[in-house]
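Visitor: This is the structure I want to talk about, given as structure tokens.
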Amino acid sequence: MLIIQDMIVDEEILTVEFACDLAKCRGRCCVIGNVGPPLTRAETRVLDQIVNLVRPQLSPESQRQIEHMGPWRSNGYEYYGAILPGDGPCVFAVETGGIWMCALQNIHLDHRPVKPLSCRTFPLWIYRSGAMYHVRLHLYGPCHLCIGCGTSLLDSLKSDIVACLGDKRYRALAAQSGRLRKRG
Ligand code: SF4
Ligand code: SF4
């Protein structure tokens, strides 16, 4: 791990070539796991606002789950997107021809994307602990199929990393990435 400004960063993030390619990974990150995507409190309010808009696109099971329990969960201090029972898919995941896509993908509210920021930056996990940001790489099995694509991870996720960390921190990551990649 490297410390860059106020960030603790997995070094691989700065060197790996990676861009999500649903044709290869089949969007499995929306299906894997026993908890939904981490949300901010503000994002739960956004989901409440738009859930009726996307509900007709969702599977009958997801629609029932949302009807029954809403689109997100909380343990009192953390918030997560809802998943189907039995560690099933995220309620917003829609399957077509074996590929899982996000029903929130192209929806905006007040000119801002509705898709949670933690989903937009995945497979990066970015969170704050004390004074430091942690920028971790968490590749699921299918993500490995998208490595070595010729585009750096920092480039492919640029706008969402900037949305999460700000432009100054992004530029610090990119500068360190350039140095490491030049060194080989
Ligand atoms: S909100 Fe969308 S991107 Fe995030 S886990 Fe659910 S379906 Fe996937
Ligand atoms: S995070 Fe991984 S599984 Fe999800 S879309 Fe990207 S490459 Fe595919």
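Residue numbers start at 1 in each chain; chains themselves are named A, B, ... in the order of the structure tokens; ligands are numbered from 1 in the order shown.
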Which residues in stretch 62-127 of chain A does DSSP call helix (DSSP H, G or I)? List them as an MDAnalysis selection string.
Guide: chainID A and resid 62:69 117:121
Visitor: Take the residues from that selection and write them out as a PDB file, in the first residue's frame, keeping C-alpha atoms.
Guide:
```pdb
ATOM      1  CA  SER A  62     -37.599  -7.362  -7.152  1.00  0.00           C
ATOM      2  CA  GLN A  63     -40.860  -5.454  -7.433  1.00  0.00           C
ATOM      3  CA  ARG A  64     -42.390  -7.574  -4.666  1.00  0.00           C
ATOM      4  CA  GLN A  65     -39.312  -7.123  -2.474  1.00  0.00           C
ATOM      5  CA  ILE A  66     -39.380  -3.345  -2.913  1.00  0.00           C
ATOM      6  CA  GLU A  67     -43.120  -3.278  -2.274  1.00  0.00           C
ATOM      7  CA  HIS A  68     -42.565  -5.246   0.907  1.00  0.00           C
ATOM      8  CA  MET A  69     -39.391  -3.651   2.332  1.00  0.00           C
ATOM      9  CA  LEU A 117     -21.368   6.179  -6.099  1.00  0.00           C
ATOM     10  CA  SER A 118     -20.039   2.953  -4.552  1.00  0.00           C
ATOM     11  CA  CYS A 119     -21.373   1.075  -7.607  1.00  0.00           C
ATOM     12  CA  ARG A 120     -19.956   3.629 -10.036  1.00  0.00           C
ATOM     13  CA  THR A 121     -16.446   3.342  -8.593  1.00  0.00           C
TER      14      THR A 121
END
```
Visitor: As a quick test: using only C-alpha atoms and all ligand atoms, which residues lie no more than 7 Å away from ligand 1? Give them as a list in words.
Guide: Cys29, Cys30, Gly36, Pro37, Gly81, Cys90, Val91, Phe92, Ala93, Met101, Cys102, Ala103, Leu104, Gln105, Lys115, Pro116, Cys119 and Arg120 of chain A
Visitor: To one decimal place, how far is atom CA of A:Trp72 from atom CA of A:Ala42 in Å?
Guide: 11.8 Å
Visitor: Using only C-alpha atoms, determine which residues lie at most 8 Å from A:Glu11, disregarding the query and same-chain residues fewer than 4 positions distant; provide the list as a list in words.
Guide: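 My list of contacting residues is Met1, Leu2 and Thr15 of chain A.
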Visitor: Counting only C-alpha atoms, what is within 8 Å of A:Arg26, bar same-chain residues fewer than 3 positions away, as a ChimeraX atom specification?
Guide: /A:21-23,98-100,142
Visitor: When you look at A:Ser74 with a cut-off of 12 Å (counting only C-alpha atoms), what residues show up, excluding the ones that are within fewer than 2 positions of it in the same chain? I need them as a list of chain:residue names.
Guide: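 Residues meeting the cut-off are A:Val35, A:Gly36, A:Pro37, A:Pro38, A:Leu39, A:Thr40, A:Arg41, A:Thr44, A:Met69, A:Gly70, A:Pro71, A:Trp72, A:Gly76, A:Tyr77, A:Glu78, A:Tyr79, A:Tyr80, A:Gly81, A:Ala82.
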Visitor: Tell me, in Å to one decimal, how far atom CA of A:Ala175 is from atom CA of A:Tyr140.
Guide: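 So the answer is 26.7 Å.
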Visitor: Give the strand (DSSP E) residues of stretch 11-178 of chain A, as DSSP finds them on the backbone, and put them as an MDAnalysis selection string.
Guide: chainID A and resid 17:18 38:39 72:74 79:81 93:96 99:102 108:109 112:113 124:129 132:137 147:152
Visitor: For those residues, write N, CA and C atoms to a file as a compact mmCIF listing (two decimals), in the first residue's frame.
Guide:
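Full text of part.txt as output:
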```txt
# COMPACT_ATOMS: atom_id res chain seq x y z
N GLU A 17 -4.35 -2.35 -15.83
CA GLU A 17 -5.22 -2.00 -16.97
C GLU A 17 -6.55 -2.68 -16.74
N PHE A 18 -7.60 -1.88 -16.64
CA PHE A 18 -8.89 -2.45 -16.29
C PHE A 18 -10.02 -1.53 -16.75
N PRO A 38 -23.03 -0.29 -0.55
CA PRO A 38 -23.08 0.75 0.48
C PRO A 38 -23.66 2.04 -0.07
N LEU A 39 -24.50 2.67 0.71
CA LEU A 39 -25.16 3.92 0.30
C LEU A 39 -24.91 5.00 1.34
N TRP A 72 -33.87 -0.06 0.09
CA TRP A 72 -32.60 -0.06 0.83
C TRP A 72 -32.80 -0.59 2.23
N ARG A 73 -31.68 -0.89 2.89
CA ARG A 73 -31.69 -1.44 4.25
C ARG A 73 -30.75 -0.60 5.11
N SER A 74 -30.94 -0.70 6.42
CA SER A 74 -30.05 -0.01 7.35
C SER A 74 -29.93 -0.81 8.63
N TYR A 79 -25.98 2.16 5.58
CA TYR A 79 -27.08 1.98 4.64
C TYR A 79 -26.59 1.16 3.44
N TYR A 80 -27.45 0.27 2.97
CA TYR A 80 -27.11 -0.59 1.85
C TYR A 80 -28.30 -0.71 0.91
N GLY A 81 -28.01 -0.94 -0.37
CA GLY A 81 -29.07 -1.26 -1.31
C GLY A 81 -29.68 -2.61 -0.96
N ALA A 93 -30.88 -4.93 -10.23
CA ALA A 93 -30.18 -5.66 -11.30
C ALA A 93 -31.21 -6.33 -12.21
N VAL A 94 -31.02 -6.15 -13.50
CA VAL A 94 -31.95 -6.69 -14.50
C VAL A 94 -31.15 -7.59 -15.45
N GLU A 95 -31.62 -8.81 -15.64
CA GLU A 95 -30.88 -9.77 -16.46
C GLU A 95 -31.47 -9.86 -17.87
N THR A 96 -30.60 -9.74 -18.85
CA THR A 96 -31.02 -9.92 -20.25
C THR A 96 -29.98 -10.76 -20.95
N ILE A 99 -26.71 -11.42 -19.12
CA ILE A 99 -25.92 -10.26 -18.68
C ILE A 99 -26.77 -9.42 -17.71
N TRP A 100 -26.16 -9.10 -16.57
CA TRP A 100 -26.87 -8.31 -15.55
C TRP A 100 -26.53 -6.84 -15.74
N MET A 101 -27.57 -6.03 -15.80
CA MET A 101 -27.35 -4.59 -15.96
C MET A 101 -28.10 -3.85 -14.86
N CYS A 102 -27.69 -2.61 -14.64
CA CYS A 102 -28.28 -1.81 -13.57
C CYS A 102 -29.42 -0.96 -14.11
N HIS A 108 -31.01 10.13 -14.06
CA HIS A 108 -30.43 11.28 -13.35
C HIS A 108 -31.54 12.02 -12.61
N LEU A 109 -31.16 12.58 -11.48
CA LEU A 109 -32.08 13.41 -10.71
C LEU A 109 -31.34 14.72 -10.44
N ARG A 112 -27.84 14.78 -11.63
CA ARG A 112 -26.84 13.90 -11.00
C ARG A 112 -27.23 12.44 -11.21
N PRO A 113 -26.22 11.55 -11.41
CA PRO A 113 -26.57 10.14 -11.58
C PRO A 113 -27.23 9.59 -10.32
N LEU A 124 -13.30 -0.39 -7.19
CA LEU A 124 -12.64 0.33 -6.12
C LEU A 124 -13.58 0.43 -4.94
N TRP A 125 -13.03 0.28 -3.77
CA TRP A 125 -13.76 0.58 -2.54
C TRP A 125 -13.11 1.81 -1.96
N ILE A 126 -13.84 2.88 -1.88
CA ILE A 126 -13.30 4.13 -1.37
C ILE A 126 -14.10 4.52 -0.13
N TYR A 127 -13.41 4.64 0.98
CA TYR A 127 -14.12 5.03 2.20
C TYR A 127 -13.18 5.84 3.07
N ARG A 128 -13.77 6.59 3.98
CA ARG A 128 -12.98 7.44 4.86
C ARG A 128 -12.95 6.82 6.25
N SER A 129 -11.75 6.83 6.85
CA SER A 129 -11.61 6.37 8.22
C SER A 129 -10.71 7.37 8.93
N MET A 132 -8.08 9.81 7.02
CA MET A 132 -7.57 9.22 5.78
C MET A 132 -8.68 8.61 4.92
N TYR A 133 -8.49 8.74 3.62
CA TYR A 133 -9.30 7.97 2.68
C TYR A 133 -8.58 6.65 2.40
N HIS A 134 -9.36 5.59 2.29
CA HIS A 134 -8.82 4.30 1.87
C HIS A 134 -9.31 4.05 0.45
N VAL A 135 -8.37 3.73 -0.42
CA VAL A 135 -8.71 3.45 -1.82
C VAL A 135 -8.24 2.03 -2.10
N ARG A 136 -9.15 1.10 -2.04
CA ARG A 136 -8.81 -0.31 -2.10
C ARG A 136 -9.35 -0.93 -3.38
N LEU A 137 -8.67 -1.95 -3.84
CA LEU A 137 -9.13 -2.68 -5.04
C LEU A 137 -9.74 -3.99 -4.59
N ILE A 147 -9.24 -7.46 -17.02
CA ILE A 147 -7.89 -6.92 -16.80
C ILE A 147 -7.10 -7.04 -18.10
N GLY A 148 -6.21 -6.08 -18.31
CA GLY A 148 -5.33 -6.14 -19.48
C GLY A 148 -5.99 -5.64 -20.73
N CYS A 149 -6.91 -4.67 -20.58
CA CYS A 149 -7.71 -4.22 -21.72
C CYS A 149 -7.04 -3.07 -22.47
N GLY A 150 -5.90 -2.57 -21.96
CA GLY A 150 -5.22 -1.46 -22.64
C GLY A 150 -5.58 -0.09 -22.09
N THR A 151 -6.58 -0.02 -21.21
CA THR A 151 -6.96 1.25 -20.57
C THR A 151 -6.63 1.16 -19.09
N SER A 152 -6.04 2.21 -18.53
CA SER A 152 -5.73 2.14 -17.11
C SER A 152 -7.02 2.26 -16.29
```
Visitor: What's around A:Gly88 at 9 Å? Count only C-alpha atoms, leave out sequence neighbours fewer than 5 positions away in its own chain, and write the answer as a list of chain:residue names.
Guide: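 After dropping sequence-adjacent residues, the list is A:Val31, A:Ile32, A:Gly33, A:Asn34, A:Val35, A:Ile83.
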Visitor: How about saving the chosen residues, N, CA and C atoms kept, as a PDB file, in the first residue's frame?
Guide:
```
ATOM      1  N   VAL A  31     -24.757  -9.327  -8.630  1.00  0.00           N
ATOM      2  CA  VAL A  31     -25.404 -10.572  -8.223  1.00  0.00           C
ATOM      3  C   VAL A  31     -24.678 -11.213  -7.041  1.00  0.00           C
ATOM      4  N   ILE A  32     -23.349 -11.006  -6.992  1.00  0.00           N
ATOM      5  CA  ILE A  32     -22.506 -11.659  -5.995  1.00  0.00           C
ATOM      6  C   ILE A  32     -22.624 -10.925  -4.658  1.00  0.00           C
ATOM      7  N   GLY A  33     -22.545 -11.704  -3.577  1.00  0.00           N
ATOM      8  CA  GLY A  33     -22.434 -11.071  -2.259  1.00  0.00           C
ATOM      9  C   GLY A  33     -23.685 -11.233  -1.418  1.00  0.00           C
ATOM     10  N   ASN A  34     -23.521 -10.960  -0.129  1.00  0.00           N
ATOM     11  CA  ASN A  34     -24.640 -11.135   0.790  1.00  0.00           C
ATOM     12  C   ASN A  34     -25.172  -9.815   1.338  1.00  0.00           C
ATOM     13  N   VAL A  35     -24.752  -8.726   0.694  1.00  0.00           N
ATOM     14  CA  VAL A  35     -25.254  -7.410   1.098  1.00  0.00           C
ATOM     15  C   VAL A  35     -25.263  -6.520  -0.142  1.00  0.00           C
ATOM     16  N   ILE A  83     -31.115  -6.377  -1.521  1.00  0.00           N
ATOM     17  CA  ILE A  83     -30.912  -7.526  -2.408  1.00  0.00           C
ATOM     18  C   ILE A  83     -32.080  -8.496  -2.214  1.00  0.00           C
TER      19      ILE A  83
END
```
Visitor: In Å, with one decimal, what is the gap from atom CA of A:Leu154 to atom CA of A:Val9?
Guide: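 Here the two named atoms are 12.3 Å from each other.
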